[in-house]
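Dropping final_20.tsv in here (TSV, C-alpha atoms):
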chain	number	residue	atom	x	y	z
D	1	MET	CA	-12.95	-20.02	-16.03
D	2	PRO	CA	-11.43	-16.59	-16.78
D	3	GLU	CA	-7.68	-16.29	-17.31
D	4	LEU	CA	-5.88	-14.81	-14.31
D	5	PHE	CA	-2.72	-12.69	-14.06
D	6	THR	CA	-2.59	-11.56	-17.71
D	7	TRP	CA	-2.08	-7.91	-18.69
D	8	GLU	CA	-5.78	-7.70	-19.56
D	9	PHE	CA	-6.62	-9.06	-16.11
D	10	ALA	CA	-4.30	-6.48	-14.47
D	11	SER	CA	-6.21	-3.65	-16.17
D	12	ASP	CA	-9.57	-4.82	-14.79
D	13	PRO	CA	-9.52	-7.89	-12.54
D	14	TYR	CA	-13.03	-7.36	-11.18
D	15	PRO	CA	-15.03	-9.45	-13.71
D	16	ALA	CA	-12.70	-12.42	-13.11
D	17	TYR	CA	-13.06	-12.00	-9.35
D	18	ALA	CA	-16.85	-11.87	-9.68
D	19	TRP	CA	-16.70	-15.20	-11.55
D	20	LEU	CA	-14.51	-16.75	-8.84
D	21	ARG	CA	-16.78	-15.49	-6.04
D	22	GLU	CA	-19.73	-17.13	-7.77
D	23	HIS	CA	-18.20	-20.40	-9.02
D	24	ALA	CA	-14.93	-21.08	-7.12
D	25	PRO	CA	-14.80	-18.85	-4.04
D	26	VAL	CA	-11.75	-20.67	-2.59
D	27	HIS	CA	-9.71	-21.52	-5.67
D	28	ARG	CA	-6.33	-23.21	-6.01
D	29	THR	CA	-4.21	-21.70	-8.77
D	30	THR	CA	-0.64	-21.55	-10.02
D	31	LEU	CA	0.75	-18.04	-9.73
D	32	PRO	CA	3.06	-16.46	-12.33
D	33	SER	CA	6.01	-17.32	-10.06
D	34	GLY	CA	5.13	-21.03	-10.23
D	35	VAL	CA	3.96	-21.15	-6.61
D	36	GLU	CA	0.58	-22.83	-6.03
D	37	ALA	CA	-1.76	-21.03	-3.65
D	38	TRP	CA	-5.40	-20.75	-2.60
D	39	LEU	CA	-7.31	-17.57	-3.54
D	40	VAL	CA	-10.09	-16.57	-1.12
D	41	THR	CA	-12.59	-14.21	-2.79
D	42	ARG	CA	-15.81	-13.92	-0.72
D	43	TYR	CA	-16.07	-11.29	2.01
D	44	ALA	CA	-17.16	-13.59	4.84
D	45	ASP	CA	-14.44	-16.15	4.04
D	46	ALA	CA	-11.83	-13.41	3.60
D	47	ARG	CA	-12.62	-11.82	6.96
D	48	GLN	CA	-12.46	-15.22	8.65
D	49	ALA	CA	-9.13	-16.10	7.01
D	50	LEU	CA	-7.52	-12.75	7.89
D	51	ALA	CA	-8.21	-13.35	11.58
D	52	ASP	CA	-7.52	-17.12	11.66
D	53	GLN	CA	-4.41	-17.74	13.78
D	54	ARG	CA	-3.95	-21.14	12.13
D	55	LEU	CA	-2.86	-19.18	9.07
D	56	SER	CA	0.68	-18.11	9.91
D	57	LYS	CA	2.55	-15.16	8.43
D	58	ASN	CA	5.88	-16.92	8.91
D	59	PRO	CA	7.23	-18.28	5.57
D	60	GLU	CA	8.91	-21.11	7.52
D	61	HIS	CA	5.45	-22.75	7.59
D	62	HIS	CA	5.31	-22.94	3.78
D	63	ASP	CA	5.54	-26.52	2.56
D	64	GLU	CA	7.36	-25.22	-0.51
D	65	PRO	CA	8.90	-27.30	-3.30
D	66	SER	CA	12.45	-26.40	-4.27
D	67	HIS	CA	11.36	-24.36	-7.32
D	68	ALA	CA	9.30	-22.08	-5.07
D	69	LYS	CA	12.07	-21.22	-2.60
D	70	GLY	CA	12.12	-17.53	-1.73
D	71	LYS	CA	9.26	-16.63	-4.08
D	72	THR	CA	6.67	-15.74	-1.46
D	73	GLY	CA	7.98	-12.47	-0.04
D	74	ILE	CA	9.68	-9.24	-1.01
D	75	PRO	CA	12.57	-9.91	-3.43
D	76	GLY	CA	15.90	-9.71	-1.63
D	77	GLU	CA	14.57	-9.46	1.93
D	78	ARG	CA	15.87	-12.92	2.86
D	79	LYS	CA	19.43	-12.28	1.61
D	80	ALA	CA	19.46	-8.83	3.20
D	81	ASP	CA	18.51	-10.31	6.59
D	82	LEU	CA	15.27	-8.29	6.71
D	83	MET	CA	12.81	-11.12	7.39
D	84	THR	CA	11.94	-10.34	11.02
D	85	HIS	CA	9.26	-7.73	10.34
D	86	LEU	CA	5.53	-7.51	11.06
D	87	LEU	CA	4.43	-9.09	7.77
D	88	ASN	CA	6.49	-12.25	8.38
D	89	ILE	CA	5.99	-13.07	12.07
D	90	ASP	CA	3.34	-14.37	14.46
D	91	PRO	CA	2.66	-13.79	18.16
D	92	PRO	CA	4.37	-13.44	20.59
D	93	ASP	CA	7.11	-11.70	18.54
D	94	HIS	CA	4.49	-9.92	16.42
D	95	THR	CA	2.77	-8.62	19.57
D	96	ARG	CA	6.05	-7.34	21.01
D	97	LEU	CA	7.25	-5.60	17.84
D	98	ARG	CA	3.84	-4.11	17.01
D	99	ARG	CA	3.56	-2.67	20.52
D	100	LEU	CA	6.96	-0.99	20.10
D	101	VAL	CA	6.05	0.83	16.92
D	102	SER	CA	2.32	1.44	17.42
D	103	LYS	CA	2.90	4.64	19.43
D	104	ALA	CA	4.11	6.34	16.24
D	105	PHE	CA	0.81	5.71	14.46
D	106	THR	CA	-1.84	6.69	17.00
D	107	PRO	CA	-4.48	9.11	15.66
D	108	ARG	CA	-3.06	11.84	17.94
D	109	THR	CA	0.54	11.38	16.73
D	110	VAL	CA	-0.60	11.31	13.12
D	111	ALA	CA	-2.73	14.45	13.61
D	112	GLU	CA	0.42	16.28	14.78
D	113	PHE	CA	2.03	15.28	11.46
D	114	ALA	CA	-0.84	16.72	9.39
D	115	PRO	CA	0.78	20.15	8.74
D	116	ARG	CA	3.88	18.43	7.31
D	117	VAL	CA	1.77	16.26	4.97
D	118	GLN	CA	-0.10	19.38	3.81
D	119	GLU	CA	3.21	21.17	3.25
D	120	LEU	CA	4.51	18.24	1.18
D	121	ALA	CA	1.32	18.11	-0.92
D	122	ASP	CA	1.48	21.84	-1.66
D	123	ASP	CA	5.22	21.82	-2.39
D	124	LEU	CA	4.85	18.98	-4.88
D	125	ILE	CA	1.93	20.67	-6.68
D	126	ASP	CA	3.89	23.94	-6.72
D	127	ARG	CA	6.49	22.21	-8.91
D	128	PHE	CA	4.04	21.54	-11.76
D	129	ALA	CA	1.04	23.83	-11.15
D	130	ALA	CA	2.17	26.39	-13.75
D	131	LYS	CA	2.86	23.75	-16.39
D	132	GLY	CA	-0.75	22.70	-17.08
D	133	GLU	CA	0.14	19.00	-17.19
D	134	ALA	CA	1.72	16.34	-15.00
D	135	ASP	CA	2.14	12.64	-14.42
D	136	LEU	CA	0.41	12.39	-11.07
D	137	ILE	CA	2.16	9.14	-10.16
D	138	HIS	CA	5.72	10.35	-10.75
D	139	ASP	CA	5.17	13.99	-9.76
D	140	PHE	CA	2.80	13.63	-6.80
D	141	ALA	CA	1.49	10.24	-5.61
D	142	PHE	CA	4.95	8.66	-5.46
D	143	PRO	CA	7.10	11.34	-3.76
D	144	LEU	CA	4.52	12.43	-1.17
D	145	PRO	CA	4.43	9.24	0.95
D	146	ILE	CA	8.18	8.62	0.43
D	147	TYR	CA	9.11	11.98	1.92
D	148	ALA	CA	6.47	11.62	4.65
D	149	ILE	CA	7.64	8.19	5.84
D	150	CYS	CA	11.30	9.31	5.62
D	151	ASP	CA	10.46	12.24	7.92
D	152	LEU	CA	8.70	9.91	10.37
D	153	LEU	CA	11.56	7.41	10.38
D	154	GLY	CA	14.17	10.14	10.84
D	155	VAL	CA	15.94	9.87	7.47
D	156	PRO	CA	17.83	13.18	7.01
D	157	ARG	CA	16.50	15.38	4.20
D	158	GLU	CA	19.80	15.16	2.30
D	159	ASP	CA	19.43	11.34	2.11
D	160	GLN	CA	15.75	11.21	1.15
D	161	ASP	CA	16.32	11.31	-2.61
D	162	ASP	CA	18.42	8.13	-2.31
D	163	PHE	CA	15.44	6.52	-0.59
D	164	ARG	CA	13.22	7.80	-3.38
D	165	ASP	CA	15.46	6.10	-5.98
D	166	TRP	CA	15.56	2.77	-4.12
D	167	ALA	CA	11.83	2.85	-3.52
D	168	GLY	CA	11.21	3.63	-7.18
D	169	MET	CA	13.09	0.49	-8.18
D	170	MET	CA	11.16	-1.57	-5.62
D	171	ILE	CA	7.73	-0.68	-7.03
D	172	ARG	CA	8.57	-1.26	-10.69
D	173	HIS	CA	7.73	-4.97	-10.31
D	174	GLY	CA	9.81	-6.31	-13.15
D	175	GLY	CA	9.78	-3.07	-15.13
D	176	GLY	CA	13.41	-2.34	-14.22
D	177	PRO	CA	16.70	-4.17	-14.69
D	178	ARG	CA	16.87	-7.83	-13.64
D	179	GLY	CA	17.74	-8.11	-9.96
D	180	GLY	CA	17.16	-4.40	-9.46
D	181	VAL	CA	14.67	-4.85	-6.61
D	182	ALA	CA	17.02	-7.11	-4.64
D	183	ARG	CA	19.90	-4.66	-5.18
D	184	SER	CA	17.75	-1.77	-3.95
D	185	VAL	CA	16.71	-3.78	-0.89
D	186	LYS	CA	20.39	-4.52	-0.16
D	187	LYS	CA	21.36	-0.83	-0.49
D	188	MET	CA	18.47	0.17	1.77
D	189	ARG	CA	19.53	-2.47	4.31
D	190	GLY	CA	23.09	-1.11	4.39
D	191	TYR	CA	21.84	2.45	4.77
D	192	LEU	CA	19.43	1.53	7.60
D	193	ALA	CA	22.18	-0.27	9.52
D	194	GLU	CA	24.33	2.86	9.27
D	195	LEU	CA	21.42	5.15	10.20
D	196	ILE	CA	20.55	3.05	13.27
D	197	HIS	CA	24.19	3.28	14.36
D	198	ARG	CA	24.12	7.09	13.93
D	199	LYS	CA	20.82	7.43	15.81
D	200	ARG	CA	22.30	5.46	18.70
D	201	GLN	CA	25.01	8.13	19.00
D	202	GLU	CA	22.70	11.11	18.32
D	203	PRO	CA	19.03	10.19	18.88
D	204	GLY	CA	16.27	12.49	17.66
D	205	ASP	CA	12.50	12.80	17.93
D	206	ASP	CA	11.78	10.20	15.26
D	207	LEU	CA	10.63	6.61	14.88
D	208	ILE	CA	14.04	4.94	14.53
D	209	SER	CA	15.32	6.78	17.61
D	210	GLY	CA	12.18	5.66	19.44
D	211	LEU	CA	12.80	2.03	18.51
D	212	ILE	CA	16.40	2.31	19.75
D	213	ARG	CA	15.26	3.91	23.02
D	214	ALA	CA	12.73	1.12	23.57
D	215	SER	CA	15.44	-1.45	22.87
D	216	ASP	CA	17.80	0.21	25.32
D	217	HIS	CA	15.06	0.11	27.97
D	218	GLY	CA	14.91	-3.66	27.92
D	219	GLU	CA	12.44	-4.35	25.09
D	220	HIS	CA	15.04	-6.61	23.41
D	221	LEU	CA	14.84	-5.23	19.90
D	222	THR	CA	17.80	-6.57	17.95
D	223	GLU	CA	19.61	-4.47	15.34
D	224	ASN	CA	18.19	-6.78	12.66
D	225	GLU	CA	14.67	-6.31	14.02
D	226	ALA	CA	15.11	-2.52	14.08
D	227	ALA	CA	16.36	-2.48	10.48
D	228	ALA	CA	13.61	-4.86	9.34
D	229	MET	CA	10.98	-2.75	11.11
D	230	ALA	CA	12.19	0.46	9.44
D	231	PHE	CA	12.33	-1.36	6.09
D	232	ILE	CA	8.79	-2.73	6.25
D	233	LEU	CA	7.35	0.58	7.47
D	234	LEU	CA	8.88	2.19	4.41
D	235	PHE	CA	7.95	-0.62	2.03
D	236	ALA	CA	4.40	-1.15	3.32
D	237	GLY	CA	3.86	2.52	4.04
D	238	PHE	CA	4.68	4.09	0.73
D	239	GLU	CA	3.55	1.87	-2.17
D	240	THR	CA	0.12	1.44	-0.62
D	241	THR	CA	-0.28	5.22	-0.39
D	242	VAL	CA	1.09	5.78	-3.91
D	243	ASN	CA	-1.67	3.46	-5.12
D	244	LEU	CA	-4.34	4.95	-2.86
D	245	ILE	CA	-3.68	8.42	-4.29
D	246	GLY	CA	-3.24	7.17	-7.88
D	247	ASN	CA	-6.18	4.75	-7.98
D	248	GLY	CA	-8.35	7.18	-6.03
D	249	THR	CA	-7.65	10.09	-8.38
D	250	PHE	CA	-8.22	7.86	-11.41
D	251	ALA	CA	-11.58	6.69	-10.01
D	252	LEU	CA	-12.65	10.30	-9.41
D	253	LEU	CA	-11.58	11.40	-12.89
D	254	THR	CA	-13.63	8.60	-14.46
D	255	HIS	CA	-16.73	9.23	-12.27
D	256	ALA	CA	-17.49	12.89	-12.94
D	257	GLU	CA	-20.64	13.12	-10.82
D	258	GLN	CA	-18.91	11.73	-7.73
D	259	ARG	CA	-15.87	13.94	-8.24
D	260	GLU	CA	-18.11	17.03	-8.53
D	261	ARG	CA	-19.90	16.03	-5.30
D	262	LEU	CA	-16.57	15.86	-3.53
D	263	GLN	CA	-15.42	19.21	-4.93
D	264	ARG	CA	-18.65	20.85	-3.78
D	265	GLY	CA	-18.16	19.30	-0.36
D	266	LEU	CA	-14.57	20.55	-0.15
D	267	ALA	CA	-15.68	24.06	-1.15
D	268	GLY	CA	-18.14	23.94	1.76
D	269	ASN	CA	-15.61	22.46	4.21
D	270	ASP	CA	-17.49	19.15	4.34
D	271	THR	CA	-14.80	16.99	5.93
D	272	ALA	CA	-17.29	14.16	6.55
D	273	LEU	CA	-17.68	13.53	2.82
D	274	LEU	CA	-13.90	13.61	2.33
D	275	ALA	CA	-13.52	10.94	5.04
D	276	THR	CA	-16.15	8.60	3.59
D	277	ALA	CA	-14.81	9.26	0.07
D	278	VAL	CA	-11.35	7.91	0.92
D	279	GLU	CA	-12.87	4.81	2.55
D	280	GLU	CA	-15.02	4.21	-0.54
D	281	LEU	CA	-12.05	4.66	-2.87
D	282	LEU	CA	-10.18	2.06	-0.77
D	283	ARG	CA	-13.09	-0.34	-1.18
D	284	PHE	CA	-13.82	0.36	-4.83
D	285	ASP	CA	-10.31	0.02	-6.28
D	286	GLY	CA	-7.91	-0.25	-3.37
D	287	PRO	CA	-4.11	-0.18	-3.35
D	288	VAL	CA	-3.69	-3.75	-2.06
D	289	GLU	CA	-5.27	-6.35	-4.34
D	290	LEU	CA	-4.27	-9.44	-2.36
D	291	ALA	CA	-3.37	-9.57	1.32
D	292	THR	CA	0.19	-10.68	2.00
D	293	TRP	CA	1.06	-14.36	2.27
D	294	ARG	CA	-0.37	-16.73	4.87
D	295	PHE	CA	0.51	-20.41	5.40
D	296	ALA	CA	-1.67	-23.11	7.00
D	297	THR	CA	-0.07	-24.51	10.16
D	298	GLU	CA	-2.62	-27.36	10.33
D	299	PRO	CA	-5.43	-28.73	8.14
D	300	LEU	CA	-8.37	-26.31	8.05
D	301	THR	CA	-11.48	-25.44	6.07
D	302	ILE	CA	-12.27	-22.11	4.42
D	303	GLY	CA	-15.56	-21.63	2.58
D	304	GLY	CA	-16.14	-25.40	2.57
D	305	GLN	CA	-12.72	-26.04	0.97
D	306	SER	CA	-10.09	-28.19	2.72
D	307	ILE	CA	-6.67	-26.55	3.03
D	308	ALA	CA	-3.66	-28.77	3.78
D	309	THR	CA	-0.86	-27.98	6.25
D	310	GLY	CA	1.81	-25.86	4.59
D	311	ASP	CA	-0.45	-24.53	1.81
D	312	PRO	CA	-0.18	-20.80	0.97
D	313	VAL	CA	-3.42	-18.82	1.24
D	314	LEU	CA	-3.93	-15.43	-0.44
D	315	VAL	CA	-6.97	-13.40	0.58
D	316	VAL	CA	-8.18	-11.37	-2.41
D	317	LEU	CA	-9.17	-8.07	-0.81
D	318	ALA	CA	-10.23	-6.62	-4.17
D	319	ALA	CA	-12.74	-9.45	-4.65
D	320	ALA	CA	-14.03	-9.43	-1.05
D	321	ASP	CA	-14.61	-5.68	-1.13
D	322	ARG	CA	-16.93	-6.01	-4.13
D	323	ASP	CA	-18.92	-8.94	-2.73
D	324	PRO	CA	-22.64	-8.23	-3.26
D	325	ALA	CA	-23.40	-10.39	-0.21
D	326	ARG	CA	-21.78	-7.65	1.91
D	327	PHE	CA	-22.01	-4.39	-0.08
D	328	ALA	CA	-25.09	-3.01	-1.84
D	329	GLU	CA	-24.31	-2.25	-5.50
D	330	PRO	CA	-20.64	-3.10	-4.97
D	331	ASP	CA	-19.52	-2.06	-8.48
D	332	THR	CA	-20.92	1.45	-7.97
D	333	LEU	CA	-18.67	4.21	-6.61
D	334	ASP	CA	-20.63	6.00	-3.86
D	335	LEU	CA	-18.47	8.47	-1.94
D	336	SER	CA	-21.06	8.86	0.82
D	337	ARG	CA	-21.35	5.08	1.47
D	338	ARG	CA	-21.79	4.67	5.23
D	339	ASP	CA	-21.82	0.95	6.03
D	340	ASN	CA	-18.35	0.43	4.61
D	341	GLN	CA	-16.46	-2.18	6.61
D	342	HIS	CA	-14.03	-2.76	3.74
D	343	LEU	CA	-10.96	-4.95	4.16
D	344	GLY	CA	-8.54	-2.54	2.51
D	345	TYR	CA	-6.50	-2.30	5.71
D	346	GLY	CA	-6.89	-5.98	6.53
D	347	HIS	CA	-8.52	-7.41	9.64
D	348	GLY	CA	-7.44	-9.05	12.89
D	349	ILE	CA	-4.03	-8.75	14.55
D	350	HIS	CA	-2.38	-7.79	11.24
D	351	TYR	CA	-4.76	-4.87	10.64
D	352	CYS	CA	-2.66	-2.13	9.01
D	353	LEU	CA	-0.68	-0.29	11.66
D	354	GLY	CA	-0.32	2.75	9.40
D	355	ALA	CA	-4.04	3.14	8.59
D	356	PRO	CA	-4.32	6.54	10.37
D	357	LEU	CA	-1.34	7.88	8.39
D	358	ALA	CA	-2.64	6.45	5.09
D	359	ARG	CA	-6.04	8.08	5.70
D	360	LEU	CA	-4.39	11.42	6.45
D	361	GLU	CA	-2.19	11.25	3.34
D	362	GLY	CA	-5.07	10.13	1.12
D	363	GLN	CA	-7.44	12.81	2.36
D	364	THR	CA	-4.82	15.57	2.18
D	365	ALA	CA	-3.58	14.57	-1.28
D	366	LEU	CA	-7.03	14.33	-2.88
D	367	ALA	CA	-8.39	17.47	-1.22
D	368	THR	CA	-5.35	19.52	-2.24
D	369	LEU	CA	-5.39	18.26	-5.83
D	370	LEU	CA	-9.11	18.89	-6.35
D	371	THR	CA	-9.00	22.31	-4.67
D	372	ARG	CA	-5.90	23.69	-6.35
D	373	LEU	CA	-6.48	22.09	-9.78
D	374	PRO	CA	-10.29	22.13	-10.02
D	375	ASP	CA	-10.51	21.26	-13.73
D	376	LEU	CA	-8.09	18.32	-13.46
D	377	ARG	CA	-8.71	15.82	-16.28
D	378	LEU	CA	-7.13	12.73	-17.81
D	379	ALA	CA	-4.69	13.37	-20.65
D	380	GLN	CA	-5.16	9.83	-22.02
D	381	GLU	CA	-8.08	7.51	-22.58
D	382	PRO	CA	-8.60	5.29	-19.49
D	383	ALA	CA	-8.10	2.13	-21.56
D	384	GLU	CA	-4.64	3.36	-22.63
D	385	LEU	CA	-3.31	3.53	-19.07
D	386	ARG	CA	-1.10	0.68	-17.90
D	387	TRP	CA	-1.17	-0.98	-14.50
D	388	ARG	CA	1.97	-2.23	-12.80
D	389	GLY	CA	2.50	-5.97	-12.76
D	390	GLY	CA	2.90	-7.70	-9.41
D	391	LEU	CA	0.85	-9.96	-7.23
D	392	ILE	CA	-0.01	-8.06	-4.05
D	393	MET	CA	-0.35	-4.40	-5.01
D	394	ARG	CA	-2.63	-2.71	-7.54
D	395	GLY	CA	-1.49	0.60	-9.01
D	396	LEU	CA	-1.04	2.60	-12.19
D	397	ARG	CA	2.36	3.00	-13.86
D	398	THR	CA	1.50	6.56	-14.91
D	399	LEU	CA	-1.44	8.94	-14.58
D	400	PRO	CA	-1.04	11.76	-17.14
D	401	VAL	CA	-3.35	14.71	-16.47
D	402	GLU	CA	-4.04	18.20	-17.79
D	403	PHE	CA	-5.44	21.28	-16.04
D	404	THR	CA	-5.54	25.05	-16.30
D	405	PRO	CA	-2.15	26.33	-15.08
D	406	GLU	CA	-2.25	28.20	-11.78
D	407	ARG	CA	-2.07	31.92	-12.41
D	408	GLY	CA	0.81	33.90	-10.99
D	409	ARG	CA	3.19	30.94	-11.10
D	410	THR	CA	6.11	30.36	-13.40
D	411	TYR	CA	6.99	26.79	-14.26
D	412	THR	CA	10.59	25.95	-13.40
D	413	PRO	CA	11.71	22.39	-14.21
D	414	GLU	CA	13.46	20.50	-11.43
D	415	SER	CA	17.22	20.63	-11.78

Would it be possible to restate this file's structure as C-alpha cells?
Amino acid sequence: MPELFTWEFASDPYPAYAWLREHAPVHRTTLPSGVEAWLVTRYADARQALADQRLSKNPEHHDEPSHAKGKTGIPGERKADLMTHLLNIDPPDHTRLRRLVSKAFTPRTVAEFAPRVQELADDLIDRFAAKGEADLIHDFAFPLPIYAICDLLGVPREDQDDFRDWAGMMIRHGGGPRGGVARSVKKMRGYLAELIHRKRQEPGDDLISGLIRASDHGEHLTENEAAAMAFILLFAGFETTVNLIGNGTFALLTHAEQRERLQRGLAGNDTALLATAVEELLRFDGPVELATWRFATEPLTIGGQSIATGDPVLVVLAAADRDPARFAEPDTLDLSRRDNQHLGYGHGIHYCLGAPLARLEGQTALATLLTRLPDLRLAQEPAELRWRGGLIMRGLRTLPVEFTPERGRTYTPES
C-alpha cells in the first residue's frame, strides 16, 4: 500500500492512484486533517458517485466526530456565514441558485468576454516579456483569472488588487501565517456585503447586479446567499484556472513533441487542436485532484464497497481520468485525443458551471504564451518544482521559465 498525502505523493500522485485503482478502488483512509473518508478511484465508480443523489453536498449530513468539526470545507466559510453556496447545497436550493447564476456562464456570454481575457493575457505578458524570465504562476496564471472573475462579478478595478491579495492567501494551503485563510475569507465576506449594498444603490451590467435584480424580482435570494454565491464563484473560479494554466504549461514544457505540435497548429490557426489540447491537459494533470466533499444520506454501495450513512466520500478525479479501463494509454499526453470524456469538470447536477469560462481562459492563456514566447522553457529541473499542499486542488507553487526577450520592449518592474 503506497503512502498517501506525503510531499513525495503531492509531486506525483499517479503511481499511488494506479495502485489504488487496481487493489483498493474504493478505499477508506484517514486524511491529514484527521477526518476519515472513502476515496473512489475508478472511472466508472467515480462517474456513478458524482451523479448519485444519495451523496449529499450538504456538510450537515456528515456523521462527524467532534475532532473533525469544520474540517470538511473551505477554512473560515462557516464563521463568515458563507456556507449557502453551490458546493454545499442540494436540490431544490441548488437548482434555484444555479439557475440564477447560469446565465452568466453560457457559451454566448463567455464568448462576449473573450476580448477582455485576451487583453488581460497580453497585458500580463507585456509586464515581463522584455525580461527574458518569469514565474508563470505569480506573474501570469494567478492574476489572469483573478482579474477576469473580478470583472465578471463587478468588482471595481481599484479594488481588484485587494481581491488578489486575499485570493493569494487562500491558495497558499498552509504556506502562509496560521489562520491566514480564515482571515482572508472574513475580509472578503465583509467586502462582498459592502459591494452588494453598493450595487443595490447603483447596479451595473455585472454578475452581482444580476443576482440582486433576480432577487428583487421575486427569486428570493438572501443577502447571505448572494455573498456566498459571489464568494464561491471567485474561490472555485480562480484557483482551478490558475492550476489549469500552470499544470498545462508545465505538461507542455515537459512533452516537447506535443508542445511543438500545438505551436505548429497555432501558427496555422488550427483552433481544433487548441480545443482538444486543453481538454487533454485537464485529463492528464488537471487542476482539481479530488472532487469536493460528498456525504452519504443512506447506506449505499460503490464499486462493491458498502458506505454507511454519514460517511464522507471523495471522488479522485485524477485517478479516474487515468483509468485504463476508460482511456487508451492514459499516462500518455495526446493533445489530439478525441474520445475524452474526462471528469475534470465533474459530472451530474454539480458539473462545473464555469466550464465555458475556464476553457476560454485556458485556451487563451496557452495560445498567447506559446505564440508570443515561442522558445519558452523551464528554468529549473522538473523534479525541483514544488506542488502546493492541500486536499482538493493540484497546482504548482512556482513555475520559473526563461525565454528570448521580446524585441522592442523595455522591461519596467511593477511599482

message = When you look at D:Phe231 with a cut-off of 8 Å (counting all atoms listed in the file), what residues show up, excluding the ones that are within fewer than 2 positions of it in the same chain? I need them as a ChimeraX atom specification.
response = /D:82,188-189,192,227-229,233-235

Taking a cut-off of 12 Å and counting all atoms listed in the file, can you build a table that, for each residue of stretch 255-320 of chain D near stretch 24-27 of chain D, reports the nearest atom pair and how far apart they are in Å (one decimal), sorted by chain then residue number, as CSV?
residue,atom,partner,partner_atom,distance
D:Thr301,CA,D:Val26,CA,9.9
D:Ile302,CA,D:Val26,CA,7.2
D:Gly303,CA,D:Val26,CA,6.5
D:Gly304,CA,D:Val26,CA,8.3
D:Gln305,CA,D:Val26,CA,6.5
D:Ser306,CA,D:Val26,CA,9.4
D:Ile307,CA,D:Val26,CA,9.6
D:Pro312,CA,D:His27,CA,11.6
D:Val313,CA,D:Val26,CA,9.4
D:Leu314,CA,D:Val26,CA,9.7
D:Val315,CA,D:Val26,CA,9.3
D:Val316,CA,D:Val26,CA,10.0
D:Ala319,CA,D:Pro25,CA,9.6
D:Ala320,CA,D:Pro25,CA,9.9

message = If I take atom CA of D:Asp339 and atom CA of D:Gly248, how far is one from the other in Å, to one decimal?
response =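 Calculated distance between atom CA of D:Asp339 and atom CA of D:Gly248 is 19.1 Å.
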
ask   = Suppose you want the space between atom CA of D:Gln263 and atom CA of D:Pro382; what is it in Å?
value =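 Separation of atom CA of D:Gln263 and atom CA of D:Pro382: 21.3 Å.
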
key: All residues 8 Å or closer to D:Arg322, all atoms listed in the file, same chain fewer than 5 positions away omitted, as a VMD selection string   = chain D and resid 283 to 284 327 330 to 331

task = Determine the nearest neighbour of D:His342 from the options D:Ser102, D:Gln53, D:Gln118, D:Thr276, counting only C-alpha atoms.
result =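 With only C-alpha atoms as the atom set, the closest residue is D:Thr276.
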
request  = Compile the contact shell of D:Arg388 as number ranges by chain: residues with an atom at most 6 Å away, counting only C-alpha atoms, same-chain residues fewer than 5 positions apart removed.
outcome  = D: 395-397

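Closest approach to D:Thr371 among D:Asp139, D:Asp122, D:Glu36, D:Glu279 is made by D:Asp122 (distances from all atoms listed in the file).
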
ask   = How far is it from atom CA of D:Arg261 to atom CA of D:Thr404, in Å with one decimal?
value = 20.2 Å

task = Mind listing whatever residues come within 8 Å of the point (17.2, 3.2, -1.0)? Use all atoms listed in the file, file coordinates, and give them as a list in words.
result =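 I get Asp162, Phe163, Arg164, Asp165, Trp166, Ala167, Ser184, Val185, Lys187, Met188 and Tyr191 of chain D for the residues within 8 Å of that point.
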
message = I need the residue nearest D:Pro400 from this list: D:Pro299, D:Gly34, D:Gly132, D:Gly362. Use all atoms listed in the file for the distance.
response =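 Checking each of D:Pro299, D:Gly34, D:Gly132, D:Gly362 against D:Pro400, counting all atoms listed in the file, the winner is D:Gly132.
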
key: Pick from D:Leu262, D:Asn247, D:Leu152, D:Tyr17 nearest to D:Ala230, counting all atoms listed in the file   =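 Ranking D:Leu262, D:Asn247, D:Leu152, D:Tyr17 by distance to D:Ala230, first place goes to D:Leu152.
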
inquiry  = Env of D:Phe105: 8 Å cut, atoms = all atoms listed in the file, seq-sep filter 5 positions within chain, self excluded. Answer as a list of chain:residue names.
reply    =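 Final neighbour list, sorted by chain and number: D:Val110, D:Leu353, D:Gly354, D:Pro356, D:Leu357.
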
request  = Go through D:Thr6, D:Thr249, D:Thr95, D:Asn58 one by one, measure the shortest atom-to-atom distance of each to D:Leu136 using only C-alpha atoms, and give the residue with the smallest value.
outcome  = D:Thr249
